[in-house]
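Read the structure below first, then the notes.
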Amino acid sequence: MRAPAERTLCCWCPDWPVATARRRDPGLAGAPVAVVGSGDPGSRPSRGPVVCAASAEARAEGVVVGLRRREAEARCPGLVVLDADPAAEARAFEAVARATEPITPRIELVRPGLLSFPTRGPSRYFGGDAALARRVLEAVAGVGVVDARVGVADGAFAARLAARRATDEPCVVAPGASAAFLADWPVETLAPTFEGGADFAHLLVRLGLHTLGAFAALPAGAVLTRFGPDGARVHRLACGHDDEVAVLVAPPPELVETCELDPPATRVDEAAFAAKGLADRLLARLDESGLSCTQVVIEAETEHGERVSRCWRHEGVLTPTALVARVRWQLEAWLTSSTRPGEDDEGRVDDATGGLVLVRVLPDRVVPATGRQLGFWGGDAAAGDRADRALARLQGMLGHDAVVTGVVAGGRSPVERIRWVPWGEPRDPGPAGVEAPGWPGAVPGPAPARVHDPPVPAALLDAAGRPVVVSGRGEASAPPARLECAALPEGGGPVLAWVGPWPHDLRWWDLPTRRRRALWQVVVGRATDTGVACLVAVEQGTASVEAVYD
Amino acid sequence: MAERALTEPIIEPAIEPVEPVVEPVVRGSLPRRDTEALAHLTDAARRARPVVLARDRVLPVPGTLGALLPDGALRRGEVVTVEGDVGTGATSIALAFAAAATATGEWAAAVCVERSSSRVAGDLGAEAALEAGVALERLAVVRRVPPTRWATAVAALLDGVSLVLAEVPRHARAADARRLVARARERGAVLVPVCAPGVPWPADAALRVRAAGGPWPGLGAGDGLLSERAVRVNVVGRGEARRARAGTAGARAPVSLAAAG
């Protein structure tokens, strides 16, 4: 027995990551911009960083979502590529959410840039769906977002597609006409609805079903047999029904997890660390009851009594990482937001003036859990969990980017070849170990064990005591005879052996960031037995030690 | 403590047998306990109980570096200090130990102390770790730890990972160090304090590995390339591994594998 699909309004701010970047840096307006990231935290990264949003100018050049960074740069030469910053996006979107709050309290945020809410009450109050949609557009335009699109339809999935089709005028799909509306859309729109959706859409295309209408025409029983419960779920979506399982489970009232912070947390990191324990406990208890959660309400309260409450909706089931990420976004958005002058904040959400004392997570919509298929060669999960807990605890103590793991990236000097990724963020798979093809221009030989970032100032002197300089053609003024540096034992010493200079001309095409430097490998010491080998960089006449081969 | 030849198998003394439980018989209501059968059973259980010898709980270290260690491995729960001046190969040895830990699928962590102006030691090179055989996804580096929180950070890591490389800060307290030694023993993790010259490890350690550098033969005056070197390593042990072993060893790259002494 299925409940009829709930009429939902969806407000979509297209290319929200790009809009956030443009707000931060007004010089980017009008330039082709692409934001590169790995997608939703908590979902497994598929191929490394891909474009997740592109501005209209970039799209005109052929940059689409899903391209890798180099491909995007190849298609659009003047492209400005920025890294995704989900926390900043969530912070900026908080203003939009607050602007919509006077219309209805039951806002559901799917991700920064996309919010939806059921329209039964507000629609009656404002006199119809179209009037409500225009009201939302006005409210959102009031905070400076002029390109929002609003769509109203039966069910959240159809409403999202209606928002895509909308232009300046909101797109309202008549009640009951969702199935006809959805029929023309391609099956790739099913890709974000569950994990593995992209492969599923690809499979449907190979089977000859290119549109949602063709997919919806299949009998439901046959779809369930062939594709399983996930396939049956998206089949219901394609038919215009709502995304609910047959039995809507009401969350048991005792499944609220609360975390009291004493002393009050003033930094988002501390609160997010506490929230991690909360998320683990909540999802473990839901697991025990055989449920998984698709929508949560996150509440936070400060010591002065201000509180904020937001409902976050998630495609598919929430993992602990995704839940903690949303808590972090909400807290960052709340704690670091500042009211702009002239903004009429009606006091519904008070700005935080003190530390956080309470974080509460309530599961709002739960579905029966279908379980998760773990890999066969799972590895030692227990050791990984123990390490994860210890490292997360250290992160809470020392800061988010104090605990890092290394990823070998491409680059010429040892400093550039390392990228430190904070714990908990997805590691983009680098080249496969040392078998990767060499980076052209990289320093040859073994990798140094100690890398100085930033490089330590040094003095590379020739036999006459003058600093060694390298001309524009890559010729050294004199062979080096002495290296002095604070990073070396005894402050340096005579040079026993050396090779170089290896000139590097970095970013020669971009005048402001062009750098020309030369690298030397130098062995310094008093006796050949106790020489210290290091990598010296000479740039514009000044030398510095970049790495020591320890 | 008498020195035992390393070839003799080490047998742990058996733990005291458990007294067979003899319950008072309540006449008239419970059946009598068969105390004789119970005694037989406890005896059989004691003999059949699996015993893990201390020497089996190890992290094997491959290569000539492992050949210098007693049993060719690092014992879990022990403290192995690595000492050496800048450029002598101490970091490569520490990375080789980390590689031994991550090779079996376990986790390792490295703690780097916040730089003060007088101590310039540099950060760990991730590429060098990769060349030494460390699985980078299982090596966590904790950076810029203030010296006051160093002990808590290392203690937290000992709870979670199997091997901790800890740079010892300048004025580390002996009490903290002793507590860390006890915690490592309790959790069965290997603690590897990396000591710069002039900053000793204030507590005791089962093994002290000292790197003494070596010549770099590949480089000439304006030609050649850094390729290999043989690092001289001195290993001093306490107790069973009391004999000091000296020899040349090295990590996979940049050092060659010369014969051990």
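Letters for chains follow the order of the structure tokens (A, B, ...), residue numbers begin at 1 for each chain, and ligand numbers begin at 1 in the order shown.
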
Residues of chain B were defined as contacting chain A if any atom lay at most 8 Å from it, counting only C-alpha atoms; please report them as a short mmCIF file (atom, residue, chain, number, x, y, z; two decimals) with C-alpha atoms, in the first residue's frame.
data_model
loop_
_atom_site.label_atom_id
_atom_site.label_comp_id
_atom_site.auth_asym_id
_atom_site.auth_seq_id
_atom_site.Cartn_x
_atom_site.Cartn_y
_atom_site.Cartn_z
CA ASP B 85 72.72 13.03 13.11
CA VAL B 86 71.16 14.74 10.13
CA GLY B 87 72.17 12.96 6.97
CA THR B 88 73.43 9.76 8.57
CA GLY B 89 70.52 7.60 7.45
CA ALA B 90 68.48 7.55 10.65
CA THR B 91 65.26 8.52 8.88
CA SER B 92 65.71 5.83 6.27
CA GLY B 105 48.50 -4.81 6.67
CA GLU B 106 48.85 -3.03 9.97
CA TRP B 107 49.05 0.65 10.67
CA ARG B 119 65.73 22.91 15.55
CA VAL B 120 65.32 22.47 11.84
CA ALA B 121 64.74 18.85 11.08
CA GLY B 122 62.37 18.81 8.14
CA ASP B 123 59.28 16.78 7.39
CA LEU B 124 59.09 13.17 6.35
CA GLY B 125 59.37 12.56 2.65
CA ALA B 126 56.38 10.56 1.49
CA GLU B 127 58.09 9.45 -1.68
CA ALA B 128 61.06 8.13 0.25
CA ALA B 129 58.61 6.23 2.42
CA LEU B 130 57.04 4.75 -0.69
CA GLU B 131 60.43 3.67 -1.96
CA LEU B 136 51.19 5.28 2.33
CA GLU B 137 47.51 4.76 3.04
CA ARG B 138 48.43 3.10 6.33
CA LEU B 139 51.04 5.58 7.48
CA ALA B 140 49.54 8.50 9.33
CA VAL B 141 51.75 11.52 9.95
CA VAL B 142 50.88 13.80 12.84
CA ARG B 143 52.45 17.15 12.17
CA ARG B 144 53.26 20.22 14.23
CA VAL B 145 52.63 18.66 17.61
CA ALA B 153 49.67 12.33 21.19
CA ALA B 156 46.87 8.05 21.83
CA LEU B 157 48.66 6.61 18.83
CA ASP B 159 46.41 2.69 21.46
CA GLY B 160 45.53 2.54 17.82
CA VAL B 161 48.48 1.57 15.63
CA ALA B 212 76.64 6.44 11.41
CA GLY B 213 76.33 7.45 7.81
CA GLY B 214 78.32 6.28 4.89
CA PRO B 215 79.99 7.56 1.75
CA TRP B 216 78.03 8.54 -1.33
CA LEU B 219 78.61 11.75 -7.13
CA GLY B 220 81.70 13.34 -8.54
CA ALA B 221 82.76 16.92 -9.09
CA GLY B 222 80.02 18.15 -11.34
CA ASP B 223 79.02 14.77 -12.72
CA GLY B 224 77.41 11.58 -11.58
CA LEU B 225 74.26 11.13 -9.58
CA LEU B 226 73.30 10.15 -6.06
CA SER B 227 72.40 6.52 -6.31
CA ALA B 253 66.81 2.96 -1.82
CA PRO B 254 68.94 5.08 -1.70
#

Give the strand (DSSP E) residues of range 19-185 of chain B, as DSSP finds them on the backbone, and put them as an MDAnalysis selection string.
-> chainID B and resid 58:60 73:75 80:83 108:113 123:124 139:145 163:167

Using backbone DSSP assignments, extract all alpha helix (DSSP H) residues from range 206-424 of chain A; output them as a VMD selection string.
-> chain A and resid 206 212 to 216 220 to 238 268 to 288 320 to 335 381 to 398

Fewer than 3 positions away in the same chain doesn't count, so skip those; otherwise give me all residues within 9 Å of Gly66 in chain A, counting only C-alpha atoms, as a PyMOL selection string.
-> chain A and resi 49-53+63

Long-range neighbours of Glu260 in chain A as an NGL selection string, 7 Å cut-off, only C-alpha atoms, 4 positions minimum in chain | :A and (357-359)

Just the selected residues (N, CA, C and O atoms), exported as a PDB file, in the first residue's frame, please.
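Saved file out29.pdb follows:
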ATOM      1  N   VAL A 357      26.908  23.819  23.455  1.00  0.00           N
ATOM      2  CA  VAL A 357      26.800  22.876  24.566  1.00  0.00           C
ATOM      3  C   VAL A 357      26.065  21.613  24.174  1.00  0.00           C
ATOM      4  O   VAL A 357      26.113  20.635  24.902  1.00  0.00           O
ATOM      5  N   LEU A 358      25.350  21.630  23.093  1.00  0.00           N
ATOM      6  CA  LEU A 358      24.507  20.476  22.802  1.00  0.00           C
ATOM      7  C   LEU A 358      24.471  20.245  21.311  1.00  0.00           C
ATOM      8  O   LEU A 358      24.284  21.177  20.550  1.00  0.00           O
ATOM      9  N   VAL A 359      24.666  19.004  20.931  1.00  0.00           N
ATOM     10  CA  VAL A 359      24.446  18.633  19.532  1.00  0.00           C
ATOM     11  C   VAL A 359      23.514  17.433  19.565  1.00  0.00           C
ATOM     12  O   VAL A 359      23.775  16.455  20.255  1.00  0.00           O
TER      13      VAL A 359
END

Record the distance separating CA of Leu237 in chain A and CA of Arg206 in chain A, expressed in Å with one decimal.
-> 20.2 Å

Can you tell me, as a PyMOL selection string, what residues are no more than 12 Å from Ala182 in chain B when counting only C-alpha atoms, ignoring any on the same chain fewer than 2 positions away?
-> chain B and resi 77-79+155+158-159+175-180+184-191+203-205

Close residues, range 296-300 of chain A itself excluded, 8 Å, only C-alpha atoms, min 2 positions apart in chain, as a PDB file with N, CA, C and O atoms, in the first residue's frame:
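Saved result, out-v9.pdb, follows:
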ATOM      1  N   CYS A 293      18.894   5.220   7.637  1.00  0.00           N
ATOM      2  CA  CYS A 293      18.316   6.548   7.774  1.00  0.00           C
ATOM      3  C   CYS A 293      18.543   7.315   6.486  1.00  0.00           C
ATOM      4  O   CYS A 293      19.633   7.289   5.924  1.00  0.00           O
ATOM      5  N   THR A 294      17.520   8.006   5.979  1.00  0.00           N
ATOM      6  CA  THR A 294      17.727   8.819   4.786  1.00  0.00           C
ATOM      7  C   THR A 294      17.555  10.301   5.057  1.00  0.00           C
ATOM      8  O   THR A 294      17.816  11.114   4.189  1.00  0.00           O
ATOM      9  N   THR A 302      23.640  26.663  21.847  1.00  0.00           N
ATOM     10  CA  THR A 302      24.799  27.255  22.511  1.00  0.00           C
ATOM     11  C   THR A 302      24.488  27.449  23.990  1.00  0.00           C
ATOM     12  O   THR A 302      23.378  27.239  24.452  1.00  0.00           O
ATOM     13  N   ARG A 307      19.643  28.380  19.319  1.00  0.00           N
ATOM     14  CA  ARG A 307      19.646  27.061  18.723  1.00  0.00           C
ATOM     15  C   ARG A 307      19.381  27.131  17.233  1.00  0.00           C
ATOM     16  O   ARG A 307      18.773  28.074  16.740  1.00  0.00           O
ATOM     17  N   VAL A 308      19.878  26.142  16.557  1.00  0.00           N
ATOM     18  CA  VAL A 308      19.618  26.026  15.127  1.00  0.00           C
ATOM     19  C   VAL A 308      19.221  24.590  14.852  1.00  0.00           C
ATOM     20  O   VAL A 308      19.670  23.660  15.533  1.00  0.00           O
ATOM     21  N   SER A 309      18.356  24.423  13.902  1.00  0.00           N
ATOM     22  CA  SER A 309      17.883  23.083  13.599  1.00  0.00           C
ATOM     23  C   SER A 309      17.717  22.996  12.094  1.00  0.00           C
ATOM     24  O   SER A 309      17.101  23.846  11.485  1.00  0.00           O
ATOM     25  N   ARG A 310      18.312  21.993  11.505  1.00  0.00           N
ATOM     26  CA  ARG A 310      18.224  21.842  10.054  1.00  0.00           C
ATOM     27  C   ARG A 310      17.953  20.397   9.728  1.00  0.00           C
ATOM     28  O   ARG A 310      18.472  19.496  10.384  1.00  0.00           O
ATOM     29  N   CYS A 311      17.197  20.222   8.668  1.00  0.00           N
ATOM     30  CA  CYS A 311      16.870  18.874   8.240  1.00  0.00           C
ATOM     31  C   CYS A 311      17.706  18.563   6.997  1.00  0.00           C
ATOM     32  O   CYS A 311      17.688  19.327   6.035  1.00  0.00           O
ATOM     33  N   TRP A 312      18.440  17.501   7.041  1.00  0.00           N
ATOM     34  CA  TRP A 312      19.290  17.136   5.908  1.00  0.00           C
ATOM     35  C   TRP A 312      18.763  15.848   5.310  1.00  0.00           C
ATOM     36  O   TRP A 312      18.584  14.857   5.986  1.00  0.00           O
ATOM     37  N   ARG A 313      18.573  15.905   4.009  1.00  0.00           N
ATOM     38  CA  ARG A 313      18.057  14.742   3.304  1.00  0.00           C
ATOM     39  C   ARG A 313      19.182  14.172   2.461  1.00  0.00           C
ATOM     40  O   ARG A 313      20.007  14.899   1.940  1.00  0.00           O
ATOM     41  N   VAL A 327      26.988  17.527   9.792  1.00  0.00           N
ATOM     42  CA  VAL A 327      27.040  18.233  11.069  1.00  0.00           C
ATOM     43  C   VAL A 327      28.078  19.338  10.999  1.00  0.00           C
ATOM     44  O   VAL A 327      27.860  20.464  11.431  1.00  0.00           O
ATOM     45  N   LEU A 331      27.379  23.310  11.475  1.00  0.00           N
ATOM     46  CA  LEU A 331      27.988  24.075  12.557  1.00  0.00           C
ATOM     47  C   LEU A 331      28.878  25.178  12.011  1.00  0.00           C
ATOM     48  O   LEU A 331      28.896  26.285  12.529  1.00  0.00           O
ATOM     49  N   LEU A 356      29.274  25.927  21.958  1.00  0.00           N
ATOM     50  CA  LEU A 356      28.215  24.940  21.768  1.00  0.00           C
ATOM     51  C   LEU A 356      28.131  24.045  22.983  1.00  0.00           C
ATOM     52  O   LEU A 356      29.153  23.567  23.469  1.00  0.00           O
ATOM     53  N   VAL A 357      26.908  23.819  23.455  1.00  0.00           N
ATOM     54  CA  VAL A 357      26.800  22.876  24.566  1.00  0.00           C
ATOM     55  C   VAL A 357      26.065  21.613  24.174  1.00  0.00           C
ATOM     56  O   VAL A 357      26.113  20.635  24.902  1.00  0.00           O
ATOM     57  N   LEU A 358      25.350  21.630  23.093  1.00  0.00           N
ATOM     58  CA  LEU A 358      24.507  20.476  22.802  1.00  0.00           C
ATOM     59  C   LEU A 358      24.471  20.245  21.311  1.00  0.00           C
ATOM     60  O   LEU A 358      24.284  21.177  20.550  1.00  0.00           O
ATOM     61  N   VAL A 359      24.666  19.004  20.931  1.00  0.00           N
ATOM     62  CA  VAL A 359      24.446  18.633  19.532  1.00  0.00           C
ATOM     63  C   VAL A 359      23.514  17.433  19.565  1.00  0.00           C
ATOM     64  O   VAL A 359      23.775  16.455  20.255  1.00  0.00           O
ATOM     65  N   ARG A 360      22.451  17.504  18.830  1.00  0.00           N
ATOM     66  CA  ARG A 360      21.466  16.415  18.847  1.00  0.00           C
ATOM     67  C   ARG A 360      21.159  15.997  17.428  1.00  0.00           C
ATOM     68  O   ARG A 360      21.003  16.833  16.553  1.00  0.00           O
ATOM     69  N   VAL A 361      21.078  14.715  17.231  1.00  0.00           N
ATOM     70  CA  VAL A 361      20.775  14.193  15.900  1.00  0.00           C
ATOM     71  C   VAL A 361      19.529  13.332  16.013  1.00  0.00           C
ATOM     72  O   VAL A 361      19.489  12.395  16.800  1.00  0.00           O
ATOM     73  N   LEU A 362      18.520  13.651  15.220  1.00  0.00           N
ATOM     74  CA  LEU A 362      17.301  12.846  15.228  1.00  0.00           C
ATOM     75  C   LEU A 362      17.108  12.254  13.843  1.00  0.00           C
ATOM     76  O   LEU A 362      17.132  12.985  12.852  1.00  0.00           O
ATOM     77  N   PRO A 363      16.904  10.964  13.749  1.00  0.00           N
ATOM     78  CA  PRO A 363      16.579  10.396  12.448  1.00  0.00           C
ATOM     79  C   PRO A 363      15.139  10.749  12.103  1.00  0.00           C
ATOM     80  O   PRO A 363      14.232  10.516  12.892  1.00  0.00           O
ATOM     81  N   ASP A 364      14.969  11.341  10.922  1.00  0.00           N
ATOM     82  CA  ASP A 364      13.653  11.842  10.576  1.00  0.00           C
ATOM     83  C   ASP A 364      12.895  10.850   9.711  1.00  0.00           C
ATOM     84  O   ASP A 364      11.702  10.737   9.800  1.00  0.00           O
ATOM     85  N   ARG A 365      13.600  10.181   8.871  1.00  0.00           N
ATOM     86  CA  ARG A 365      12.941   9.246   7.971  1.00  0.00           C
ATOM     87  C   ARG A 365      13.826   8.018   7.875  1.00  0.00           C
ATOM     88  O   ARG A 365      14.980   8.116   7.484  1.00  0.00           O
TER      89      ARG A 365
END

Selected residue of minimal separation from Asp83 in chain A among A:Gly37, A:Val367, A:Val223, A:Ala58, counting only C-alpha atoms =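 The answer is A:Gly37, which sits nearest to Asp83 in chain A.
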
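The spacing separating CA of Ala19 in chain A from CA of Arg165 in chain A amounts to 19.6 Å.
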
Top pick for closest residue to Pro202 in chain B, considering B:Thr81, B:Thr64, B:Thr42, B:Thr35 and counting only C-alpha atoms = B:Thr81

Looking at A:Asp15, A:Asp280, A:Glu61, A:Asp154, which one is nearest to Leu114 in chain A, with distances taken over only C-alpha atoms?
-> A:Asp15

Using only C-alpha atoms, which residues sit within 12 Å of Ala464 in chain A once same-chain residues fewer than 4 positions away are excluded, as a ChimeraX atom specification?
-> /A:460,468,477-482

Could those selected residues go to a file with N, CA, C and O atoms, as a PDB file, in the first residue's frame?
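After the write, result32.pdb holds the following:
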ATOM      1  N   LEU A 460      75.217  29.056  -0.788  1.00  0.00           N
ATOM      2  CA  LEU A 460      76.053  28.176  -1.600  1.00  0.00           C
ATOM      3  C   LEU A 460      77.164  29.040  -2.189  1.00  0.00           C
ATOM      4  O   LEU A 460      76.925  29.909  -3.014  1.00  0.00           O
ATOM      5  N   VAL A 468      77.072  31.300  -5.475  1.00  0.00           N
ATOM      6  CA  VAL A 468      76.991  30.699  -6.807  1.00  0.00           C
ATOM      7  C   VAL A 468      75.655  31.095  -7.420  1.00  0.00           C
ATOM      8  O   VAL A 468      74.601  30.911  -6.797  1.00  0.00           O
ATOM      9  N   SER A 477      77.915  30.081 -12.277  1.00  0.00           N
ATOM     10  CA  SER A 477      78.996  31.065 -12.302  1.00  0.00           C
ATOM     11  C   SER A 477      80.318  30.437 -11.899  1.00  0.00           C
ATOM     12  O   SER A 477      81.367  30.802 -12.421  1.00  0.00           O
ATOM     13  N   ALA A 478      80.284  29.479 -10.968  1.00  0.00           N
ATOM     14  CA  ALA A 478      81.517  28.829 -10.520  1.00  0.00           C
ATOM     15  C   ALA A 478      81.135  27.533  -9.839  1.00  0.00           C
ATOM     16  O   ALA A 478      80.002  27.411  -9.361  1.00  0.00           O
ATOM     17  N   PRO A 479      82.036  26.558  -9.778  1.00  0.00           N
ATOM     18  CA  PRO A 479      81.679  25.340  -9.066  1.00  0.00           C
ATOM     19  C   PRO A 479      81.522  25.634  -7.573  1.00  0.00           C
ATOM     20  O   PRO A 479      82.293  26.407  -7.012  1.00  0.00           O
ATOM     21  N   PRO A 480      80.544  25.029  -6.926  1.00  0.00           N
ATOM     22  CA  PRO A 480      80.331  25.310  -5.505  1.00  0.00           C
ATOM     23  C   PRO A 480      81.437  24.696  -4.665  1.00  0.00           C
ATOM     24  O   PRO A 480      81.922  23.608  -4.953  1.00  0.00           O
ATOM     25  N   ALA A 481      81.837  25.433  -3.629  1.00  0.00           N
ATOM     26  CA  ALA A 481      82.897  24.931  -2.762  1.00  0.00           C
ATOM     27  C   ALA A 481      82.458  24.824  -1.314  1.00  0.00           C
ATOM     28  O   ALA A 481      83.086  24.132  -0.528  1.00  0.00           O
ATOM     29  N   ARG A 482      81.386  25.507  -0.947  1.00  0.00           N
ATOM     30  CA  ARG A 482      81.011  25.525   0.455  1.00  0.00           C
ATOM     31  C   ARG A 482      79.512  25.749   0.551  1.00  0.00           C
ATOM     32  O   ARG A 482      78.959  26.559  -0.190  1.00  0.00           O
TER      33      ARG A 482
END
